[in-house]
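protein-v6.txt follows (compact mmCIF, C-alpha atoms and all ligand atoms):
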```
# COMPACT_ATOMS: atom_id res chain seq x y z
CA MET A 1243 3.41 14.51 0.22
CA THR A 1244 5.80 12.75 2.62
CA SER A 1245 9.09 14.54 3.09
CA SER A 1246 12.17 12.45 2.51
CA VAL A 1247 13.91 10.97 5.54
CA ALA A 1248 17.05 10.38 3.50
CA ALA A 1249 18.87 13.59 2.68
CA PRO A 1250 17.93 14.76 -0.86
CA GLY A 1251 20.44 13.76 -3.52
CA GLN A 1252 22.07 11.29 -1.17
CA THR A 1253 21.82 7.72 -2.33
CA ARG A 1254 22.50 6.08 1.01
CA VAL A 1255 19.64 4.78 3.11
CA ALA A 1256 18.66 6.91 6.13
CA THR A 1257 20.55 6.02 9.29
CA VAL A 1258 18.87 4.44 12.30
CA ASP A 1259 19.10 7.78 14.12
CA GLU A 1260 17.43 9.57 11.20
CA ILE A 1261 14.72 6.92 11.20
CA ARG A 1262 14.24 7.07 14.98
CA ALA A 1263 13.76 10.83 14.84
CA GLN A 1264 10.54 10.21 12.86
CA PHE A 1265 8.90 8.12 15.60
CA PRO A 1266 7.38 10.09 18.50
CA ALA A 1267 6.68 6.80 20.36
CA LEU A 1268 10.43 6.40 20.84
CA GLU A 1269 10.40 9.42 23.14
CA ARG A 1270 8.35 7.41 25.63
CA ARG A 1271 10.00 6.61 28.94
CA HIS A 1272 9.04 3.95 31.43
CA HIS A 1273 10.47 4.03 34.97
CA GLY A 1274 12.76 6.78 33.70
CA LEU A 1275 14.19 4.64 30.89
CA PRO A 1276 13.65 5.04 27.14
CA VAL A 1277 11.28 2.34 25.88
CA ALA A 1278 12.79 -0.32 23.61
CA TYR A 1279 9.97 -1.71 21.46
CA PHE A 1280 10.49 -5.34 20.47
CA ASP A 1281 6.78 -5.82 19.77
CA GLY A 1282 6.97 -5.00 16.04
CA PRO A 1283 5.69 -8.43 14.88
CA GLY A 1284 2.50 -7.60 16.76
CA GLY A 1285 2.41 -4.08 15.30
CA THR A 1286 5.13 -1.52 14.71
CA GLN A 1287 5.29 2.06 15.90
CA VAL A 1288 4.24 4.78 13.49
CA PRO A 1289 6.28 7.66 12.03
CA ARG A 1290 4.89 11.18 12.26
CA ALA A 1291 4.19 11.25 8.50
CA VAL A 1292 1.65 8.45 8.96
CA SER A 1293 -0.27 10.11 11.78
CA ASP A 1294 -0.08 13.41 9.83
CA ALA A 1295 -1.69 11.72 6.79
CA VAL A 1296 -4.48 10.29 8.95
CA THR A 1297 -5.13 13.66 10.59
CA GLU A 1298 -4.91 15.55 7.30
CA TYR A 1299 -7.51 13.25 5.78
CA LEU A 1300 -9.92 13.46 8.70
CA LEU A 1301 -9.62 17.21 9.22
CA HIS A 1302 -9.54 18.38 5.60
CA HIS A 1303 -10.87 15.77 3.16
CA ASN A 1304 -13.31 13.61 5.11
CA ALA A 1305 -16.21 12.44 2.92
CA ASN A 1306 -17.79 9.41 1.38
CA THR A 1307 -16.76 8.43 -2.14
CA HIS A 1308 -18.05 9.12 -5.65
CA TRP A 1309 -19.99 12.35 -5.07
CA ARG A 1310 -19.78 15.63 -6.87
CA TYR A 1311 -18.21 17.98 -4.35
CA PRO A 1312 -14.54 18.66 -3.60
CA SER A 1313 -14.01 16.66 -0.41
CA SER A 1314 -15.64 13.59 -1.99
CA ARG A 1315 -13.49 13.96 -5.10
CA GLU A 1316 -10.44 14.40 -2.87
CA THR A 1317 -11.37 11.19 -1.06
CA ASP A 1318 -11.62 9.37 -4.40
CA ALA A 1319 -8.20 10.71 -5.37
CA ILE A 1320 -6.64 9.77 -2.02
CA LEU A 1321 -7.96 6.20 -2.29
CA ALA A 1322 -6.83 5.89 -5.91
CA GLY A 1323 -3.40 7.26 -4.98
CA ALA A 1324 -3.16 4.83 -2.07
CA ARG A 1325 -3.93 1.93 -4.39
CA GLU A 1326 -1.05 3.01 -6.63
CA THR A 1327 1.27 3.36 -3.66
CA LEU A 1328 0.40 -0.03 -2.18
CA ALA A 1329 0.66 -1.56 -5.66
CA ASP A 1330 4.26 -0.28 -5.75
CA LEU A 1331 4.93 -1.98 -2.43
CA LEU A 1332 3.69 -5.31 -3.77
CA GLY A 1333 4.94 -5.04 -7.35
CA ALA A 1334 1.31 -5.18 -8.51
CA ASN A 1335 -1.10 -3.08 -10.59
CA PRO A 1336 -3.39 -0.70 -8.68
CA ASP A 1337 -6.54 -2.55 -9.77
CA GLU A 1338 -5.14 -5.73 -8.24
CA VAL A 1339 -5.11 -4.16 -4.76
CA ALA A 1340 -8.10 -4.19 -2.38
CA PHE A 1341 -8.32 -2.73 1.11
CA GLY A 1342 -10.10 -4.12 4.15
CA ALA A 1343 -10.22 -4.13 7.93
CA ASN A 1344 -7.25 -6.46 8.38
CA MET A 1345 -5.73 -9.59 6.86
CA THR A 1346 -8.00 -11.94 8.85
CA THR A 1347 -11.24 -10.32 7.71
CA LEU A 1348 -10.06 -10.13 4.10
CA THR A 1349 -9.04 -13.79 4.17
CA PHE A 1350 -12.37 -14.98 5.62
CA HIS A 1351 -14.09 -12.90 2.95
CA LEU A 1352 -11.99 -14.28 0.11
CA ALA A 1353 -12.24 -17.85 1.41
CA ARG A 1354 -16.02 -17.64 1.54
CA GLY A 1355 -16.11 -16.33 -2.03
CA LEU A 1356 -13.69 -18.92 -3.41
CA GLY A 1357 -15.31 -21.73 -1.41
CA ARG A 1358 -18.70 -21.16 -3.04
CA GLY A 1359 -17.32 -22.97 -6.05
CA TRP A 1360 -15.82 -25.92 -4.14
CA GLY A 1361 -17.24 -29.04 -2.50
CA PRO A 1362 -16.61 -32.61 -1.32
CA GLY A 1363 -13.66 -34.35 -2.96
CA GLU A 1364 -11.81 -31.03 -3.37
CA GLU A 1365 -8.91 -30.08 -1.11
CA ILE A 1366 -7.17 -27.08 0.42
CA VAL A 1367 -3.60 -27.33 1.71
CA VAL A 1368 -2.54 -25.21 4.70
CA THR A 1369 0.57 -25.36 6.91
CA GLU A 1370 1.24 -25.93 10.59
CA LEU A 1371 3.72 -23.04 10.49
CA ASP A 1372 1.05 -20.51 9.69
CA HIS A 1373 -0.78 -17.90 11.75
CA HIS A 1374 -4.33 -19.07 12.49
CA ALA A 1375 -5.64 -16.35 10.16
CA ASN A 1376 -4.32 -18.43 7.27
CA ILE A 1377 -5.82 -21.64 8.63
CA ALA A 1378 -9.24 -20.89 10.16
CA PRO A 1379 -10.79 -19.22 7.07
CA TRP A 1380 -9.91 -22.31 5.00
CA ARG A 1381 -10.93 -24.73 7.75
CA ALA A 1382 -14.34 -23.05 7.81
CA LEU A 1383 -14.88 -24.40 4.28
CA GLU A 1384 -14.67 -27.95 5.65
CA ARG A 1385 -17.89 -27.34 7.56
CA GLU A 1386 -19.52 -25.00 5.07
CA ARG A 1387 -18.61 -26.71 1.78
CA GLY A 1388 -17.44 -30.20 2.69
CA VAL A 1389 -13.94 -29.70 1.26
CA THR A 1390 -10.98 -31.51 2.83
CA VAL A 1391 -8.20 -29.49 4.47
CA ARG A 1392 -4.72 -31.02 4.55
CA VAL A 1393 -2.16 -29.62 6.98
CA VAL A 1394 1.53 -29.69 6.01
CA PRO A 1395 3.61 -30.14 9.16
CA MET A 1396 6.61 -28.08 10.21
CA LEU A 1397 9.95 -29.55 11.24
CA PRO A 1398 10.25 -28.60 14.92
CA GLU A 1399 14.08 -28.84 14.96
CA THR A 1400 14.46 -26.08 12.39
CA GLY A 1401 11.09 -24.30 12.51
CA GLN A 1402 10.84 -24.83 8.77
CA LEU A 1403 8.29 -26.40 6.49
CA ASP A 1404 8.41 -30.12 5.74
CA TRP A 1405 8.80 -29.85 1.97
CA ASP A 1406 8.40 -33.57 1.32
CA ALA A 1407 5.08 -33.43 3.12
CA LEU A 1408 4.05 -30.42 1.06
CA GLU A 1409 4.77 -32.30 -2.15
CA ARG A 1410 2.78 -35.28 -0.89
CA ALA A 1411 -0.16 -33.08 0.15
CA LEU A 1412 -0.55 -31.42 -3.25
CA SER A 1413 -2.50 -33.33 -5.90
CA GLY A 1414 -4.95 -32.89 -8.74
CA ARG A 1415 -7.65 -32.52 -6.06
CA THR A 1416 -5.98 -29.43 -4.54
CA ARG A 1417 -7.95 -26.28 -5.25
CA LEU A 1418 -5.79 -23.94 -3.17
CA LEU A 1419 -2.50 -23.79 -1.29
CA ALA A 1420 -2.62 -21.27 1.59
CA ILE A 1421 0.90 -20.60 2.81
CA GLY A 1422 2.75 -18.03 4.89
CA ALA A 1423 5.83 -16.29 3.54
CA ALA A 1424 7.24 -15.72 7.04
CA SER A 1425 6.36 -17.09 10.47
CA ASN A 1426 5.31 -14.37 12.92
CA ALA A 1427 6.23 -16.68 15.80
CA LEU A 1428 9.65 -17.97 14.74
CA GLY A 1429 10.89 -15.63 12.03
CA THR A 1430 11.16 -18.49 9.52
CA LEU A 1431 11.17 -17.44 5.88
CA THR A 1432 9.46 -19.95 3.62
CA ASP A 1433 10.41 -20.16 -0.04
CA VAL A 1434 6.97 -19.28 -1.36
CA VAL A 1435 8.25 -19.03 -4.94
CA ARG A 1436 9.01 -22.75 -4.77
CA ALA A 1437 5.76 -23.58 -2.95
CA VAL A 1438 3.67 -21.62 -5.45
CA ARG A 1439 5.44 -23.31 -8.36
CA LEU A 1440 4.67 -26.74 -6.86
CA ALA A 1441 1.01 -25.83 -6.28
CA ARG A 1442 0.53 -24.32 -9.70
CA GLY A 1443 1.97 -27.48 -11.18
CA THR A 1444 -1.10 -29.30 -9.85
CA GLY A 1445 -3.45 -26.59 -11.13
CA ALA A 1446 -4.19 -25.18 -7.65
CA LEU A 1447 -4.71 -21.53 -6.76
CA THR A 1448 -2.28 -20.00 -4.27
CA PHE A 1449 -2.82 -17.62 -1.37
CA VAL A 1450 0.22 -16.15 0.41
CA ASP A 1451 0.08 -14.63 3.89
CA ALA A 1452 2.72 -11.90 3.75
CA VAL A 1453 1.77 -10.18 7.01
CA HIS A 1454 5.08 -10.95 8.74
CA TYR A 1455 7.04 -10.87 5.48
CA ALA A 1456 6.08 -7.43 4.19
CA PRO A 1457 7.73 -5.47 7.04
CA HIS A 1458 11.08 -7.15 6.33
CA ARG A 1459 11.28 -8.14 2.65
CA LEU A 1460 9.98 -6.31 -0.37
CA VAL A 1461 7.04 -8.30 -1.73
CA ASP A 1462 7.15 -9.06 -5.45
CA VAL A 1463 3.89 -10.72 -6.42
CA HIS A 1464 5.10 -11.48 -9.93
CA ALA A 1465 8.28 -13.17 -8.74
CA ILE A 1466 6.20 -15.18 -6.23
CA GLY A 1467 3.66 -16.00 -8.92
CA CYS A 1468 0.76 -16.30 -6.45
CA ASP A 1469 -2.91 -15.68 -7.21
CA PHE A 1470 -3.62 -13.89 -3.93
CA LEU A 1471 -1.52 -12.31 -1.21
CA ALA A 1472 -2.45 -10.41 1.93
CA CYS A 1473 -0.61 -8.13 4.32
CA SER A 1474 -1.38 -5.59 7.02
CA ALA A 1475 -0.18 -1.99 7.12
CA TYR A 1476 0.08 -1.87 10.91
CA LYS A 1477 3.00 -4.30 10.72
CA PHE A 1478 4.98 -1.96 8.44
CA TYR A 1479 4.65 1.38 10.24
CA GLY A 1480 1.10 2.14 9.11
CA PRO A 1481 -2.36 2.15 10.68
CA HIS A 1482 -4.68 -0.83 11.16
CA VAL A 1483 -5.65 -1.62 7.58
CA GLY A 1484 -5.48 -4.88 5.62
CA VAL A 1485 -4.40 -5.21 1.99
CA LEU A 1486 -5.34 -7.97 -0.44
CA TYR A 1487 -3.70 -8.56 -3.81
CA GLY A 1488 -5.43 -10.64 -6.50
CA ARG A 1489 -3.63 -11.42 -9.75
CA GLY A 1490 -5.08 -10.01 -12.99
CA GLU A 1491 -8.77 -10.77 -13.15
CA ARG A 1492 -8.80 -12.88 -10.00
CA LEU A 1493 -10.53 -10.28 -7.80
CA GLY A 1494 -13.10 -9.76 -10.55
CA ALA A 1495 -13.86 -13.48 -10.78
CA VAL A 1496 -14.36 -14.46 -7.14
CA ASP A 1497 -18.01 -14.99 -6.17
CA ILE A 1498 -17.58 -12.59 -3.27
CA PRO A 1499 -20.49 -11.70 -0.96
CA LYS A 1500 -21.44 -8.11 -1.85
CA LEU A 1501 -24.29 -5.63 -1.72
CA GLU A 1502 -26.27 -5.21 -4.91
CA PRO A 1503 -25.60 -1.47 -5.42
CA ALA A 1504 -21.87 -1.79 -4.68
CA PRO A 1505 -19.52 -1.69 -7.70
CA GLU A 1506 -19.19 -4.90 -9.73
CA THR A 1507 -15.69 -4.02 -10.86
CA ALA A 1508 -12.49 -5.15 -9.16
CA PRO A 1509 -10.98 -4.29 -6.81
CA GLU A 1510 -13.92 -2.31 -5.32
CA ARG A 1511 -16.28 -5.32 -5.44
CA VAL A 1512 -14.13 -7.00 -2.78
CA GLU A 1513 -14.23 -3.99 -0.45
CA THR A 1514 -17.35 -4.57 1.60
CA GLY A 1515 -19.02 -1.40 2.91
CA THR A 1516 -17.35 1.94 3.54
CA LEU A 1517 -13.61 1.68 3.92
CA ASN A 1518 -11.32 3.11 6.58
CA HIS A 1519 -10.36 6.11 4.41
CA GLU A 1520 -8.09 7.70 6.98
CA GLY A 1521 -6.36 4.38 7.62
CA ILE A 1522 -5.80 3.86 3.91
CA ALA A 1523 -4.33 7.37 3.64
CA GLY A 1524 -2.04 6.39 6.51
CA ALA A 1525 -1.13 3.05 4.89
CA ALA A 1526 -0.01 4.91 1.77
CA ALA A 1527 1.99 7.29 3.95
CA ALA A 1528 3.70 4.29 5.56
CA VAL A 1529 4.84 3.07 2.14
CA GLU A 1530 5.96 6.60 1.23
CA PHE A 1531 7.88 6.68 4.50
CA LEU A 1532 9.70 3.45 3.65
CA ALA A 1533 10.44 4.72 0.13
CA SER A 1534 11.68 8.02 1.55
CA LEU A 1535 14.47 6.21 3.41
CA HIS A 1536 16.34 6.24 0.09
CA SER A 1537 16.40 9.26 -2.17
CA GLY A 1538 17.01 8.09 -5.75
CA GLY A 1539 14.79 6.51 -8.39
CA SER A 1540 11.15 5.49 -8.73
CA ARG A 1541 9.13 4.65 -5.63
CA ARG A 1542 9.62 0.93 -6.25
CA GLU A 1543 13.38 1.41 -6.71
CA ARG A 1544 13.62 3.44 -3.53
CA LEU A 1545 11.64 0.78 -1.69
CA ARG A 1546 13.99 -1.90 -3.05
CA ALA A 1547 17.06 -0.01 -1.83
CA ALA A 1548 15.50 0.76 1.57
CA TYR A 1549 14.39 -2.84 2.15
CA ALA A 1550 17.79 -4.23 1.18
CA GLU A 1551 19.49 -2.05 3.76
CA LEU A 1552 16.85 -2.61 6.46
CA ASP A 1553 17.20 -6.35 5.88
CA ARG A 1554 20.99 -6.11 6.27
CA ARG A 1555 20.61 -4.15 9.53
CA GLY A 1556 17.91 -6.51 10.79
CA LEU A 1557 20.14 -9.52 10.17
CA ALA A 1558 23.02 -7.94 12.09
CA LEU A 1559 20.66 -7.25 15.01
CA VAL A 1560 19.21 -10.74 14.97
CA GLN A 1561 22.67 -12.32 14.91
CA ARG A 1562 23.61 -10.25 17.94
CA LEU A 1563 20.39 -11.28 19.66
CA LEU A 1564 20.84 -14.98 18.85
CA GLU A 1565 24.48 -15.00 19.92
CA GLY A 1566 23.63 -13.22 23.17
CA LEU A 1567 20.68 -15.47 23.99
CA GLY A 1568 22.81 -18.52 23.12
CA VAL A 1569 25.14 -17.96 26.09
CA ILE A 1570 22.47 -17.25 28.72
CA PRO A 1571 21.89 -20.36 30.86
CA GLY A 1572 18.35 -21.71 30.59
CA VAL A 1573 17.44 -19.90 27.37
CA ARG A 1574 16.01 -22.06 24.62
CA VAL A 1575 15.64 -20.43 21.22
CA PHE A 1576 13.05 -21.82 18.79
CA GLY A 1577 13.03 -21.53 15.03
CA PRO A 1578 15.54 -21.47 12.20
CA PRO A 1579 19.20 -22.16 13.01
CA ALA A 1580 21.59 -19.19 13.11
CA ALA A 1581 22.78 -18.09 9.64
CA THR A 1582 19.54 -19.30 8.02
CA ALA A 1583 17.55 -16.71 6.05
CA ARG A 1584 14.98 -15.27 8.43
CA THR A 1585 13.24 -12.16 9.64
CA PRO A 1586 14.69 -10.37 12.68
CA THR A 1587 12.16 -12.03 14.98
CA VAL A 1588 13.29 -14.40 17.71
CA ALA A 1589 11.22 -16.69 19.97
CA PHE A 1590 12.58 -18.16 23.18
CA THR A 1591 11.81 -19.50 26.64
CA LEU A 1592 13.79 -19.07 29.85
CA GLY A 1593 13.90 -22.31 31.86
CA ASP A 1594 10.50 -23.01 33.31
CA ARG A 1595 9.67 -19.37 33.85
CA HIS A 1596 6.31 -18.35 32.51
CA PRO A 1597 6.82 -16.13 29.42
CA ASP A 1598 4.57 -13.50 31.00
CA ALA A 1599 6.91 -13.34 34.01
CA VAL A 1600 9.84 -12.76 31.64
CA ALA A 1601 7.91 -10.02 29.81
CA ASP A 1602 6.85 -8.40 33.12
CA ALA A 1603 10.45 -8.28 34.33
CA LEU A 1604 11.69 -6.85 31.02
CA ALA A 1605 8.88 -4.28 30.97
CA GLU A 1606 10.16 -3.04 34.36
CA GLU A 1607 13.36 -2.20 32.47
CA ALA A 1608 11.36 -0.54 29.65
CA VAL A 1609 12.00 -3.41 27.25
CA PHE A 1610 8.70 -4.38 25.62
CA VAL A 1611 8.43 -7.96 24.34
CA SER A 1612 5.37 -10.03 23.44
CA THR A 1613 4.35 -13.41 24.82
CA GLY A 1614 1.94 -16.24 24.11
CA ASP A 1615 1.17 -18.01 20.85
CA PHE A 1616 0.70 -14.88 18.71
CA TYR A 1617 -2.14 -16.84 17.04
CA ALA A 1618 0.50 -19.11 15.53
CA THR A 1619 -1.37 -21.65 17.59
CA SER A 1620 -0.21 -24.81 15.84
CA VAL A 1621 3.47 -23.81 16.09
CA VAL A 1622 3.24 -23.31 19.84
CA ARG A 1623 1.25 -26.55 20.24
CA ARG A 1624 3.85 -28.44 18.25
CA TYR A 1625 6.50 -27.35 20.75
CA GLY A 1626 4.27 -28.46 23.64
CA LEU A 1627 4.18 -24.92 25.01
CA ALA A 1628 0.46 -24.17 24.74
CA SER A 1629 -0.24 -24.91 28.41
CA ARG A 1630 2.96 -23.21 29.57
CA GLY A 1631 2.28 -19.72 28.32
CA GLY A 1632 3.85 -20.13 24.88
CA LEU A 1633 6.93 -18.16 23.88
CA VAL A 1634 8.66 -14.86 24.51
CA ARG A 1635 9.00 -13.03 21.19
CA ALA A 1636 11.40 -10.20 20.39
CA GLY A 1637 11.16 -8.58 16.99
CA CYS A 1638 13.53 -5.96 15.57
CA ALA A 1639 12.19 -3.14 13.41
CA ALA A 1640 13.70 -0.31 11.37
CA TYR A 1641 14.09 1.74 14.56
CA THR A 1642 15.78 -0.98 16.66
CA THR A 1643 19.37 -0.34 17.77
CA ALA A 1644 22.19 -2.66 18.87
CA ASP A 1645 22.05 -0.87 22.22
CA GLU A 1646 18.41 -1.90 22.64
CA VAL A 1647 19.32 -5.50 21.79
CA ASP A 1648 22.00 -5.36 24.48
CA ARG A 1649 19.47 -4.03 27.00
CA LEU A 1650 17.17 -6.93 26.16
CA LEU A 1651 20.02 -9.42 26.56
CA ALA A 1652 21.15 -7.89 29.85
CA GLY A 1653 17.59 -8.08 31.17
CA VAL A 1654 17.23 -11.75 30.24
CA ALA A 1655 20.67 -12.54 31.69
CA ARG A 1656 19.74 -10.83 34.99
CA LEU A 1657 16.57 -12.89 35.15
CA ALA A 1658 18.47 -16.09 34.39
CA ARG A 1659 20.88 -15.36 37.27
CA ALA A 1660 17.99 -14.64 39.62
CA ARG A 1661 16.52 -18.12 39.17
C1 LIG A 1701 1.78 -13.90 9.94
C2 LIG A 1701 0.48 -13.25 10.28
N1 LIG A 1701 -0.60 -13.54 9.54
C3 LIG A 1701 -1.79 -12.99 9.78
C4 LIG A 1701 -1.97 -12.11 10.82
C5 LIG A 1701 -3.31 -11.51 11.04
O1 LIG A 1701 -3.27 -10.20 10.57
P1 LIG A 1701 -4.44 -9.16 10.90
O2 LIG A 1701 -4.24 -8.73 12.31
O3 LIG A 1701 -4.24 -8.06 9.92
O4 LIG A 1701 -5.74 -9.85 10.71
C6 LIG A 1701 -0.89 -11.78 11.64
C7 LIG A 1701 -1.04 -10.88 12.79
O5 LIG A 1701 -0.30 -10.92 13.72
C8 LIG A 1701 0.37 -12.37 11.35
O6 LIG A 1701 1.46 -12.06 12.07
```

Please, can you express the file's structure as structure tokens?
Ligand SMILES: Cc1ncc(COP(=O)(O)O)c(C=O)c1O
Amino acid sequence: MTSSVAAPGQTRVATVDEIRAQFPALERRHHGLPVAYFDGPGGTQVPRAVSDAVTEYLLHHNANTHWRYPSSRETDAILAGARETLADLLGANPDEVAFGANMTTLTFHLARGLGRGWGPGEEIVVTELDHHANIAPWRALERERGVTVRVVPMLPETGQLDWDALERALSGRTRLLAIGAASNALGTLTDVVRAVRLARGTGALTFVDAVHYAPHRLVDVHAIGCDFLACSAYKFYGPHVGVLYGRGERLGAVDIPKLEPAPETAPERVETGTLNHEGIAGAAAAVEFLASLHSGGSRRERLRAAYAELDRRGLALVQRLLEGLGVIPGVRVFGPPAATARTPTVAFTLGDRHPDAVADALAEEAVFVSTGDFYATSVVRRYGLASRGGLVRAGCAAYTTADEVDRLLAGVARLARAR
């Protein structure tokens, strides 16, 4: 379906130029300058193969599921194929993969289903480092079911989780640990293998938010050992579709709200209403695109090779970014110290300038960065930045170049001098 970006027979991973050639958005110019997109943590750009898959579905296969005519059968096959493809991305089985509108909606849905079995005296552990989408759905169960929610703090100096506090928070009363694998605000990677092991030791279920992790590291649900994991295709070059993994029979066992005639079997029972078929076709194309960056082996093997190289490139870019920001007067970088394992996402402030003013000035130079709290509300509050506009966030993606990083640094340096 998707043509290979890596040259056939070549075992190297596609170069940045080869990757960039796949993204029409990179042809955009602003004030005569090529746009440098550092907004990937909020949503990446999309390769042509993804928009082609969406268009192909809508123009030639559009139908509802499970009927007896060709376009309906084709829709069934496209959805089944997409489940296999996304399962390869996660290291899961296809029947462990459910689709939905986005991670937030899927998580509210799952939380409501799981929470039906819980009540007073039972506890859920969440973390301060997490996106609100991995806090609010669990917090809702405090009101609805009377469970207690414990929040594990972050260590502001390093932007990392307070592991001692996590160990103290987990107990025989814990029903679920909800934890993020990577912070979308700071780029922190959290050792979810260790966290899941600790939680399982107390008999708790585990839910991993891999939304900011999946674009940068290859998810391996078996290595993580979690019961549930969610991610979003629009963060890894796909359309706006959410993906939920549930281990083994987990998706079949949750008391999920569903319509009576809808299938009882997992994973379909979790997928409320008619799905975004075209988006799911596009999500599968995004995974195929990532796999196509390397030309040898199974899809999972190609994904592994592509991710390893993208991670190496991302780290080189983030080091350049951190070093450059480190010598600009007035810049304060938040999050993990240099040389710590992380995603290529960096958060900073520039003196007392409002982050929006920094983003406006950079946008004038066709450098697109995001600002605010990125819904990582408790992280930004912890740094006392909530009333000051939050953070400036720059995220590198597979199409980011060192030259773009230098343009970002030059723009920030110009602003710093203009103070
Ligand atoms: C770490 C993280 N978790 C959850 C979400 C929410 O994802 P969605 O937009 O798919 O609901 C985001 C979105 O930015 C995120 O970055």

Inset, instruction - Kindly indicate which residue among A:Val1621, A:Ile1366, A:Val1435, A:His1374 lies nearest to A:Leu1447, using all atoms listed in the file for the distances. - result: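 Of A:Val1621, A:Ile1366, A:Val1435, A:His1374, the one nearest A:Leu1447, counting all atoms listed in the file, is A:Ile1366.
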
Inset, instruction - For stretch 1327-1332 of chain A, work out the shell of residues within 7 Å, counting all atoms listed in the file and skipping chain neighbours fewer than 3 positions away, then give it as a list in words. - result: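 What passes the distance filter is Gly1323, Ala1324, Asn1335, Pro1336, Val1339, Leu1460, Val1461, Asp1462, Val1463, Ala1526, Val1529, Arg1541 and Arg1542 of chain A.
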
Quick one: write out the picked residues with C-alpha atoms as a PDB file, in the coordinates of the input?
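Result saved to result-v3.pdb:
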```pdb
ATOM      1  CA  GLY A1323      -3.400   7.260  -4.980  1.00  0.00           C
ATOM      2  CA  ALA A1324      -3.160   4.830  -2.070  1.00  0.00           C
ATOM      3  CA  ASN A1335      -1.100  -3.080 -10.590  1.00  0.00           C
ATOM      4  CA  PRO A1336      -3.390  -0.700  -8.680  1.00  0.00           C
ATOM      5  CA  VAL A1339      -5.110  -4.160  -4.760  1.00  0.00           C
ATOM      6  CA  LEU A1460       9.980  -6.310  -0.370  1.00  0.00           C
ATOM      7  CA  VAL A1461       7.040  -8.300  -1.730  1.00  0.00           C
ATOM      8  CA  ASP A1462       7.150  -9.060  -5.450  1.00  0.00           C
ATOM      9  CA  VAL A1463       3.890 -10.720  -6.420  1.00  0.00           C
ATOM     10  CA  ALA A1526      -0.010   4.910   1.770  1.00  0.00           C
ATOM     11  CA  VAL A1529       4.840   3.070   2.140  1.00  0.00           C
ATOM     12  CA  ARG A1541       9.130   4.650  -5.630  1.00  0.00           C
ATOM     13  CA  ARG A1542       9.620   0.930  -6.250  1.00  0.00           C
TER      14      ARG A1542
END
```

Legend entry - Polymer residues at most 10 Å from stretch 1568-1581 of chain A, only C-alpha atoms, same-chain spacing of 3 or more positions, as a ChimeraX atom specification: /A:1397-1402,1425,1427-1431,1557,1560-1565,1584-1585,1587-1595,1621-1622,1625,1633-1635,1651-1652,1654-1659,1661

Save the residues we just selected, C-alpha atoms, as a compact mmCIF listing (two decimals), in the frame of the given file?
```txt
# COMPACT_ATOMS: atom_id res chain seq x y z
CA LEU A 1397 9.95 -29.55 11.24
CA PRO A 1398 10.25 -28.60 14.92
CA GLU A 1399 14.08 -28.84 14.96
CA THR A 1400 14.46 -26.08 12.39
CA GLY A 1401 11.09 -24.30 12.51
CA GLN A 1402 10.84 -24.83 8.77
CA SER A 1425 6.36 -17.09 10.47
CA ALA A 1427 6.23 -16.68 15.80
CA LEU A 1428 9.65 -17.97 14.74
CA GLY A 1429 10.89 -15.63 12.03
CA THR A 1430 11.16 -18.49 9.52
CA LEU A 1431 11.17 -17.44 5.88
CA LEU A 1557 20.14 -9.52 10.17
CA VAL A 1560 19.21 -10.74 14.97
CA GLN A 1561 22.67 -12.32 14.91
CA ARG A 1562 23.61 -10.25 17.94
CA LEU A 1563 20.39 -11.28 19.66
CA LEU A 1564 20.84 -14.98 18.85
CA GLU A 1565 24.48 -15.00 19.92
CA ARG A 1584 14.98 -15.27 8.43
CA THR A 1585 13.24 -12.16 9.64
CA THR A 1587 12.16 -12.03 14.98
CA VAL A 1588 13.29 -14.40 17.71
CA ALA A 1589 11.22 -16.69 19.97
CA PHE A 1590 12.58 -18.16 23.18
CA THR A 1591 11.81 -19.50 26.64
CA LEU A 1592 13.79 -19.07 29.85
CA GLY A 1593 13.90 -22.31 31.86
CA ASP A 1594 10.50 -23.01 33.31
CA ARG A 1595 9.67 -19.37 33.85
CA VAL A 1621 3.47 -23.81 16.09
CA VAL A 1622 3.24 -23.31 19.84
CA TYR A 1625 6.50 -27.35 20.75
CA LEU A 1633 6.93 -18.16 23.88
CA VAL A 1634 8.66 -14.86 24.51
CA ARG A 1635 9.00 -13.03 21.19
CA LEU A 1651 20.02 -9.42 26.56
CA ALA A 1652 21.15 -7.89 29.85
CA VAL A 1654 17.23 -11.75 30.24
CA ALA A 1655 20.67 -12.54 31.69
CA ARG A 1656 19.74 -10.83 34.99
CA LEU A 1657 16.57 -12.89 35.15
CA ALA A 1658 18.47 -16.09 34.39
CA ARG A 1659 20.88 -15.36 37.27
CA ARG A 1661 16.52 -18.12 39.17
```

Inset, instruction - Have a look at atom CA of A:Asn1344 and atom CA of A:Glu1491 and let me know their distance in Å, one decimal. - result: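 Separation between atom CA of A:Asn1344 and atom CA of A:Glu1491: 22.0 Å.
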
Inset, instruction - Could you jot down the atom CA of A:Gly1388 to atom CA of A:Glu1365 separation for me, Å, one decimal place? - result: 9.3 Å
